[in-house]
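*Asks:* Submitted below is the structure of interest, expressed as structure tokens.
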Amino acid sequence: MFANRKIENIEMEVMDAVNQARKQQPLLNAMVSFTEVDEAIEYAKSSSGKMAGLPIILKDNVLTKGVRTTGSVQILDNYIGTYDATITTKLKEAGAVIIGKSALDGLGMGGTGTNCHTGFVHNPYDLTRMAGGSSVGSAVLVASGAVAFAIGSDTGDSVRKPASFVGIVGVKPTYGRISRYGIIPYASSLDHVGYFTRGVEDAALSLEVLAGRDDKDMTSSFREVENYLANLNGDLTGKTIGIMGNVIDAIRSKEVLVLFNDLVEKCKAAGAIIKVIHMDPVRLKTCLPVYYIIANSEATANHSNLDGVRFGMQERGDSLEELMTNSRTKGFSFLLRKRFIIGSYSLADENQDLLLRKAQKVRRLLVEDFKVALADIDVLIAPASSDVAPLLTDTSADQLSARYLIAENHMVLGNFSGYPSMTIPMGKINGLPIGINLTAKPFEEQVLFDIALGMEHLTGCKNMMAEVML
Amino acid sequence: MERISKKQVYKLAQQLMLRLSEEEADNIIAEFDTLLKQLDLLDQIDTSNVDEMIYPFEEPTDFFREDIVDHVLPIEEVLYNAPVEEEGYFVIPKVVKD
């Protein structure tokens, strides 16, 4: 934990983190690269910033000047950042010490941690299991105890799902709350910067560091950044909490429902008002296809600049076209090439009305439903996944079932709407953690943190760490 | 939506400057079957008189800035990651043949 704690021996704290991440690497495979820390340590020693001396890790889609930034794709394997992302600058100015870059599903596309250029990433609670994705490396390194804070990005649920699978806090604030300048994009209308901590207080403090208007990201908000930590209040008395009834109906795991219902009862006993809210079930089942169409279409356009000519890996060819085709074919995994083809299919003239525009219209309807669901409550909650982390070998999900379409993918509503959303751990099932997701109205991060803190008090799930057997 | 053909898959790949093996093309066609069933769910939603939602919020966050040069990368940094560069230019295979 680092909120309200001054780090006395910065050098020791940073080197402990580096050594732990290095030792765990053969088992977890969560790191892509380690960075030089000497200069940042010296700066931190005289810093009075909110993260002075704190060792941290960035997802490897965050640009860092002079440091390799691969996006976890071969075509960027040799790419060196030529400028710092706005959040990199903010974190450095706050005195944080960046110790390295973490693995992700290539370009943020994937939710399993099995599509990383550097290989599978393992769940620290059970090395045979996934830790989710795409911000998998950052989640794993916070859960393993290597660092207390790491940056992720969230386009579908890429911070909030891994947070659930490894028992930590994962925050995706309101769209526009944190600048995305210098983040390798996935889908611009859905991309958010997010982050991981092991407690709600740390999460509140971190947003103070990261949030704020940035003219280099014209989607960033002018709204004032609040004193989230100082204003934090975990009293649940009179707070109105809505349960996403459709998600509960779609979950088959009795253990997950027992944990969830137990927490709801405790919230009620602590003074919260509980309501069960059902959204239109037919519309809700379209979350995943709407996401696929919009995200893949935007990704296809965003990544057309990865051609091997101006930067990144180049495969030779006799013509410019052959050079680009060779570079892109070798530079992208099959999963990414497949997603680009799906995106291109939706963008084709003859399909735009039927697919892309249709999906964008359904997105509006889903967001309107979501807005209505949140109208008379403070937060909307549901389990962050329908079960604990799957095995790395598990490909059994029925992709047309309600469990898959609703219970596994409801958190994408936070991306469609831009509403702030976070996951905190709610307990363990057979030693494996699982989280609860909370969503609030736009820019009401304070409400989100307050209720999350109240729940954290009730679960006792704070500062949870996996014991990685070295 | 109709089932996608292998010819269409290869055409899309070519437009994206990507190559696919025979096996990869078959895999994409198989995956399209599931995807098209999911897309059928969209047809059940009435979207008449509904506008597309492009970005989450309509609150304006952009503006026309003053026309002043800002955050420009020096040429040596621009070319730092270039696979092949010469005299300040990116080098590509000859386009206009002899």
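Ordered as shown in the structure tokens, chains take letters A, B, and onward, while each chain numbers its residues from 1 and ligands are numbered from 1 in the order shown.
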Dump as a PyMOL selection string the residues of chain A that approach chain B to within 8 Å, counting only C-alpha atoms.
*Replies:* chain A and resi 78-80+82+175+189-190+218-222+282-283+285-286+289-290+304+308-314+317-321+324-326+328-329+334+337-338+340-341+344-345+357-365+399-400+416-418
*Asks:* Going by DSSP on the backbone, which residues of chain B come out as helix (DSSP H, G or I)? List them as a PyMOL selection string.
*Replies:* chain B and resi 6-15+22-43+75-78
*Asks:* Just checking: using only C-alpha atoms, which residue out of A:Val388, A:Phe332, A:Gly176, A:Asn296 ends up closest to Glu58 of chain B?
*Replies:*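 Once distances to Glu58 of chain B are computed over only C-alpha atoms, the minimum belongs to A:Gly176.
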*Asks:* May I have the residues within 8 Å of Leu374 of chain A as a list of chain:residue names, using only C-alpha atoms and disregarding those fewer than 6 positions away in the same chain?
*Replies:*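 Using only C-alpha atoms, the neighbours found are A:Gly242, A:Leu380, A:Ala440, A:Lys441.
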*Asks:* Write the residues of the selection above to a file with C-alpha atoms, as a PDB file, in the first residue's frame.
*Replies:*
```
ATOM      1  CA  GLY A 242     -28.304  -1.684  -7.997  1.00  0.00           C
ATOM      2  CA  LEU A 380     -24.557  -0.787 -10.485  1.00  0.00           C
ATOM      3  CA  ALA A 440     -21.169   4.779 -11.475  1.00  0.00           C
ATOM      4  CA  LYS A 441     -22.461   7.764 -13.443  1.00  0.00           C
TER       5      LYS A 441
END
```
*Asks:* I'd like the contact shell of Val166 of chain A - 8 Å cut-off, only C-alpha atoms, skipping same-chain residues fewer than 2 positions apart - returned as JSON, numbers by chain.
*Replies:* {"A": [123, 124, 125, 131, 139, 140, 143, 162, 163, 164, 168, 432, 433, 434]}
*Asks:* Would you work out the distance separating atom CA of Val67 of chain A from atom CA of Phe2 of chain A, expressed in Å to one decimal?
*Replies:*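 According to the coordinates, atom CA of Val67 of chain A and atom CA of Phe2 of chain A are separated by 26.0 Å.
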*Asks:* I need the strand (DSSP E or B) residues of chain B per DSSP on the backbone, written as a count of residues only.
*Replies:* 4
*Asks:* Find the spatial neighbours of segment 54-66 of chain A, counting only C-alpha atoms, within a cut-off of 6 Å - ignore same-chain residues fewer than 4 positions away - and output them as a PyMOL selection string.
*Replies:* chain A and resi 14+71+80-85+96-102+147+149-152+182-184
*Asks:* Write out as an mmCIF file with C-alpha atoms, in the first residue's frame each polymer residue whose atoms come within 10 Å of Ala373 of chain A, counting only C-alpha atoms; drop sequence neighbours fewer than 4 positions from it.
*Replies:*
```cif
data_model
loop_
_atom_site.group_PDB
_atom_site.id
_atom_site.type_symbol
_atom_site.label_atom_id
_atom_site.label_comp_id
_atom_site.auth_asym_id
_atom_site.auth_seq_id
_atom_site.Cartn_x
_atom_site.Cartn_y
_atom_site.Cartn_z
ATOM 1 C CA GLY A 242 -28.304 -1.684 -7.997
ATOM 2 C CA ILE A 243 -27.711 -5.326 -8.860
ATOM 3 C CA MET A 244 -27.530 -6.221 -12.565
ATOM 4 C CA VAL A 276 -32.359 -5.413 -8.479
ATOM 5 C CA ILE A 277 -32.380 -3.938 -11.974
ATOM 6 C CA HIS A 278 -33.076 -5.764 -15.205
ATOM 7 C CA MET A 279 -32.119 -4.346 -18.580
ATOM 8 C CA VAL A 367 -26.053 3.122 -23.366
ATOM 9 C CA GLU A 368 -29.541 4.616 -22.999
ATOM 10 C CA ASP A 369 -30.630 1.446 -21.155
ATOM 11 C CA ILE A 377 -28.971 4.527 -7.852
ATOM 12 C CA VAL A 379 -23.654 2.260 -8.449
ATOM 13 C CA LEU A 380 -24.557 -0.787 -10.485
#
```
*Asks:* Within 7 Å of segment 126-130 of chain A, counting only C-alpha atoms, which residues show up once you throw out same-chain ones fewer than 4 positions away? Write them as number ranges by chain, please.
*Replies:* A: 112-113, 122, 389-392
